[in-house]
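Participant: Could you have a look at this structure, given as structure tokens, before my questions?
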Amino acid sequence: MEPKEIIEWNNKKREELTEHNQKIYEEMLIYIRAGSNKSEQQTEEVLLELLEHLLDAQKEGKSAEEIFGSDFKAYCDDIIKEIPGEKKKKKLGFGIYIALKYLAIISGVTGVLGFALSNFFEIGSGEFTFTPLSGTLIIALYLALLFLFIKIALKWIQMTSFSKKKKWIEFVQLWLFCSLYFGLFYLIPKLIPSIGPKISVPVIGLGVLGVVIYIITIPIGRKYGYTN
Amino acid sequence: MSLRSQLLKGTLEGCILSLINQQPTYGYELSLRLQEHGLTDVSEGSIYPILLRLQKEKLVVGTLKKSPSGPKRKYYQLTDAGTKALNEFIQQWNSIKPPVDRIIEKGEM
């Protein structure tokens with residue numbers, strides 16, 4: 001069975017858990033999924049097994065603590081440790097897919113917004129000026145920032161799992177973290193000096209490019225099961 | 001790690017291989033069968049990290065099949081390498097158990 005079919009089934013089946021067990025199981029699920037870099041197939045299979053075990057045990061009046069012990073985090077770490085890694089090819093493909101989609105959105109939004117602003121509000125020149133060398137460097141830094149952000153976000157999800165910390169503290173942390181991200185996003189192009197000849201294109205071209213890349217990623221995502 | 005869990009660690013793997021060899025089975029049933037045999041204070045969940053490891057070492061294969069009412073249970077079966085590993089475990093167990101029994105009996109208080 002494909003991971004996405006297992007996930008759909010898991011989503012449905014999870015509703016049969018008691019409130020107490022569901023709360024614990026869902027935290028375990030998030031924690032184990034965030035322990036990324038692992039085979040998605042094996043991850044989803046074992047998550048479904050744990051769910052079905054819990055459902056069976058629940059019928060006999062047992063609680064999650066009796067099945068997984070009192071230290072859920074330690075139990076999940078034992079599980080994550082034994083899940084095999086994802087195949088290199090699939091990992092690389094997924095990385096490229098995310099990168100393309102991200103660039104498509106940035107370029108699409110910049111293009112459409114720039115076009116609208118200059119045409120309807122006469123803000124901006126309606127042209128997008130860049131230097132190929134600096135442009136490439138900025139894209140590379142954007143991608144590095146994105147992957148760093150994803151890595152840290154996953155780690156953060158794991159660190160805040162099973163914790164009894166107040167929700168508002170987590171919210172402030174997340175807010176600061178996102179602000180830092182957008183701050184860097186804004187600063188990178190300002191800090192990179194323009195090197196070499198400049199090229200100007202109509203800003204709508206950027207929008208079209210974004211849309212085209214986005215459309216290209218859709219069948220790739222379907223084929224490799226990155227999207228539902 | 002407690003003495004008990006150290007003792008159990010290697011043994012439990014052998015027991016799981018043996019139970020799967022007797023009859024292909026799924027996680028929950030496997031934990032029930034371990035308990036039926038008296039291994040009652042092995043927490044039920046502890047079989048899953050072991051099953052993952054046994055799959056990684058290709059000693060067992062687990063298959064999750066589709067059915068109209070959602071997926072069937074993930075059934076585990078021994079591979080050829082699994083049968084070999086089980087035989088090795090039995091051999092080693094048999095060579096350790098009698099002398100340990102004798103030593104303990106002599107020293108029993």
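Chains: A, B, ... in order of the structure tokens. Residues: from 1 per chain. Ligands: from 1, in order shown.
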Residues of chain A were defined as contacting chain B if any atom lay at most 9 Å from it, counting only C-alpha atoms; please report them as a ChimeraX atom specification.
Facilitator: /A:1,5-6,9,42,45-46,49-50,52-54,56-57,66-69,75,78-84
Participant: Just write the chosen residues, N, CA and C atoms, as a compact mmCIF listing (two decimals), in the first residue's frame.
Facilitator:
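Written output follows (result_34.txt):
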```txt
# COMPACT_ATOMS: atom_id res chain seq x y z
N MET A 1 0.82 -1.21 0.00
CA MET A 1 0.00 0.00 0.00
C MET A 1 0.85 1.26 0.00
N GLU A 5 -2.20 6.32 1.03
CA GLU A 5 -3.41 5.56 1.35
C GLU A 5 -3.42 5.19 2.83
N ILE A 6 -2.22 4.85 3.33
CA ILE A 6 -2.13 4.50 4.75
C ILE A 6 -2.47 5.71 5.61
N TRP A 9 -6.21 6.33 5.72
CA TRP A 9 -6.86 5.34 6.58
C TRP A 9 -6.60 5.67 8.05
N GLN A 42 7.85 2.97 5.69
CA GLN A 42 8.00 2.28 6.97
C GLN A 42 7.43 3.10 8.12
N GLU A 45 3.67 2.74 8.01
CA GLU A 45 3.24 1.38 8.36
C GLU A 45 3.29 1.17 9.87
N VAL A 46 4.38 1.61 10.48
CA VAL A 46 4.49 1.37 11.93
C VAL A 46 3.50 2.26 12.69
N GLU A 49 0.32 0.44 12.65
CA GLU A 49 0.36 -0.70 13.57
C GLU A 49 0.14 -0.25 15.00
N LEU A 50 0.81 0.85 15.38
CA LEU A 50 0.66 1.36 16.74
C LEU A 50 -0.79 1.77 17.00
N GLU A 52 -3.52 0.60 15.48
CA GLU A 52 -4.41 -0.56 15.57
C GLU A 52 -4.20 -1.32 16.88
N HIS A 53 -2.95 -1.34 17.32
CA HIS A 53 -2.67 -1.98 18.61
C HIS A 53 -3.42 -1.25 19.73
N LEU A 54 -3.33 0.07 19.67
CA LEU A 54 -3.98 0.89 20.70
C LEU A 54 -5.50 0.69 20.67
N ASP A 56 -7.11 -1.99 19.63
CA ASP A 56 -7.41 -3.32 20.17
C ASP A 56 -7.31 -3.32 21.70
N ALA A 57 -6.24 -2.70 22.19
CA ALA A 57 -6.00 -2.68 23.64
C ALA A 57 -7.08 -1.88 24.37
N GLU A 66 -0.18 1.93 29.36
CA GLU A 66 0.09 0.50 29.57
C GLU A 66 0.75 -0.13 28.35
N ILE A 67 0.53 0.44 27.19
CA ILE A 67 1.09 -0.13 25.97
C ILE A 67 2.50 0.39 25.71
N PHE A 68 2.67 1.71 25.82
CA PHE A 68 3.93 2.32 25.40
C PHE A 68 4.83 2.72 26.56
N GLY A 69 4.39 2.44 27.78
CA GLY A 69 5.16 2.87 28.95
C GLY A 69 4.86 4.32 29.26
N TYR A 75 9.97 6.15 24.12
CA TYR A 75 9.44 5.08 23.28
C TYR A 75 9.50 5.46 21.80
N ASP A 78 12.92 5.19 20.41
CA ASP A 78 13.25 3.80 20.09
C ASP A 78 12.72 3.41 18.72
N ILE A 79 11.51 3.85 18.43
CA ILE A 79 10.88 3.54 17.14
C ILE A 79 11.64 4.24 16.01
N ILE A 80 11.86 5.55 16.16
CA ILE A 80 12.52 6.33 15.10
C ILE A 80 13.89 5.74 14.76
N LYS A 81 14.61 5.34 15.82
CA LYS A 81 15.96 4.80 15.64
C LYS A 81 15.94 3.58 14.71
N GLU A 82 14.86 2.81 14.77
CA GLU A 82 14.84 1.56 14.00
C GLU A 82 14.18 1.69 12.63
N ILE A 83 13.62 2.85 12.32
CA ILE A 83 13.02 3.02 10.98
C ILE A 83 14.15 3.25 9.98
N PRO A 84 14.16 2.48 8.88
CA PRO A 84 15.25 2.67 7.92
C PRO A 84 15.18 4.04 7.24
```
Participant: Might you pull out every residue within 12 Å of segment 8-18 of chain B, with only C-alpha atoms counted and same-chain residues fewer than 3 positions away left off, and present them as number ranges by chain?
Facilitator: B: 1-5, 21-27, 29-35, 37-39, 41-44, 46-55, 58-61, 76-93, 96-97
Participant: Name the residues of segment 24-215 of chain A that fall into strand (DSSP E or B) according to DSSP on the backbone, using the chain letters and numbers of this document, as a PyMOL selection string.
Facilitator: chain A and resi 38+85+127-130+199-202
Participant: For the selection just defined, write its residues with N, CA and C atoms to a file, as a short mmCIF file (atom, residue, chain, number, x, y, z; two decimals), in the first residue's frame.
Facilitator:
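The resulting file, again-v1.cif, is shown below:
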```
data_model
loop_
_atom_site.label_atom_id
_atom_site.label_comp_id
_atom_site.auth_asym_id
_atom_site.auth_seq_id
_atom_site.Cartn_x
_atom_site.Cartn_y
_atom_site.Cartn_z
N LYS A 38 13.48 9.65 7.22
CA LYS A 38 13.26 8.22 7.34
C LYS A 38 12.33 7.78 6.22
N GLY A 85 16.31 4.53 6.77
CA GLY A 85 16.37 5.83 6.09
C GLY A 85 15.65 5.78 4.75
N GLU A 127 9.09 46.81 -14.42
CA GLU A 127 10.21 46.02 -14.93
C GLU A 127 10.93 45.37 -13.77
N PHE A 128 11.53 44.23 -14.06
CA PHE A 128 12.31 43.54 -13.05
C PHE A 128 13.76 43.55 -13.51
N THR A 129 14.62 44.17 -12.71
CA THR A 129 16.01 44.29 -13.10
C THR A 129 16.88 43.42 -12.20
N PHE A 130 17.74 42.68 -12.83
CA PHE A 130 18.62 41.83 -12.02
C PHE A 130 19.95 41.60 -12.76
N ILE A 199 20.13 43.06 -16.36
CA ILE A 199 19.14 42.70 -17.37
C ILE A 199 17.78 43.15 -16.85
N SER A 200 16.99 43.74 -17.74
CA SER A 200 15.63 44.12 -17.34
C SER A 200 14.62 43.35 -18.16
N VAL A 201 13.63 42.83 -17.47
CA VAL A 201 12.53 42.16 -18.17
C VAL A 201 11.22 42.71 -17.62
N PRO A 202 10.13 42.67 -18.41
CA PRO A 202 8.83 43.09 -17.87
C PRO A 202 8.49 42.19 -16.68
#
```
Participant: Which distance in Å separates atom CA of Phe115 of chain A and atom CA of Ser179 of chain A, to one decimal?
Facilitator: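 One can read the atom CA of Phe115 of chain A to atom CA of Ser179 of chain A distance as 26.5 Å.
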Participant: Could you please write out, as a list in words, every residue of segment 39-97 of chain B that DSSP assigns to alpha helix (DSSP H)?
Facilitator: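 DSSP-assigned alpha helix (DSSP H) residues in segment 39-97 of chain B: Ile47, Tyr48, Pro49, Ile50, Leu51, Leu52, Arg53, Leu54, Gln55, Lys56, Asp80, Ala81, Gly82, Thr83, Lys84, Ala85, Leu86, Asn87, Glu88, Phe89, Ile90, Gln91, Gln92, Trp93, Asn94, Ser95, Ile96 and Lys97 of chain B.
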Participant: Can I get the selected residues back with C-alpha atoms, as an mmCIF file, in the first residue's frame?
Facilitator:
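Output file selection_3.cif is given in full below:
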```cif
data_model
loop_
_atom_site.group_PDB
_atom_site.id
_atom_site.type_symbol
_atom_site.label_atom_id
_atom_site.label_comp_id
_atom_site.auth_asym_id
_atom_site.auth_seq_id
_atom_site.Cartn_x
_atom_site.Cartn_y
_atom_site.Cartn_z
ATOM 1 C CA ILE B 47 7.761 -5.423 20.203
ATOM 2 C CA TYR B 48 7.503 -2.707 17.523
ATOM 3 C CA PRO B 49 11.080 -1.394 17.667
ATOM 4 C CA ILE B 50 12.178 -5.050 17.575
ATOM 5 C CA LEU B 51 9.939 -5.838 14.594
ATOM 6 C CA LEU B 52 11.355 -2.808 12.765
ATOM 7 C CA ARG B 53 14.885 -4.009 13.461
ATOM 8 C CA LEU B 54 14.115 -7.546 12.329
ATOM 9 C CA GLN B 55 12.685 -6.114 9.090
ATOM 10 C CA LYS B 56 15.743 -3.933 8.580
ATOM 11 C CA ASP B 80 15.248 -17.679 4.889
ATOM 12 C CA ALA B 81 17.750 -15.568 6.775
ATOM 13 C CA GLY B 82 15.212 -15.368 9.600
ATOM 14 C CA THR B 83 14.932 -19.147 9.820
ATOM 15 C CA LYS B 84 18.700 -19.367 9.967
ATOM 16 C CA ALA B 85 18.874 -16.730 12.697
ATOM 17 C CA LEU B 86 16.202 -18.589 14.678
ATOM 18 C CA ASN B 87 18.149 -21.847 14.459
ATOM 19 C CA GLU B 88 21.272 -20.078 15.651
ATOM 20 C CA PHE B 89 19.344 -18.580 18.552
ATOM 21 C CA ILE B 90 17.960 -21.980 19.567
ATOM 22 C CA GLN B 91 21.422 -23.510 19.398
ATOM 23 C CA GLN B 92 22.942 -20.755 21.512
ATOM 24 C CA TRP B 93 20.081 -20.790 23.971
ATOM 25 C CA ASN B 94 20.423 -24.546 24.419
ATOM 26 C CA SER B 95 24.123 -24.221 25.077
ATOM 27 C CA ILE B 96 23.629 -21.468 27.656
ATOM 28 C CA LYS B 97 20.501 -22.615 29.464
#
```
Participant: Give me, as a PyMOL selection string, all polymer residues having an atom no more than 9 Å from Val211 of chain A, counting only C-alpha atoms and skipping those fewer than 5 positions away in the same chain.
Facilitator: chain A and resi 104-105+107-108+206+216
Participant: Could you tell me how far atom CA of Val112 of chain A sits from atom CA of Gly207 of chain A, in Å to one decimal place?
Facilitator: 5.1 Å
Participant: Quick one: pull the distance between atom CA of Ile169 of chain A and atom CA of Ile24 of chain A, Å, one decimal.
Facilitator: 20.9 Å
Participant: Counting only C-alpha atoms, which of A:Lys166, A:Lys4, A:Lys198, A:Lys73 gets nearest to Leu29 of chain A?
Facilitator: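 Closest candidate: A:Lys73.
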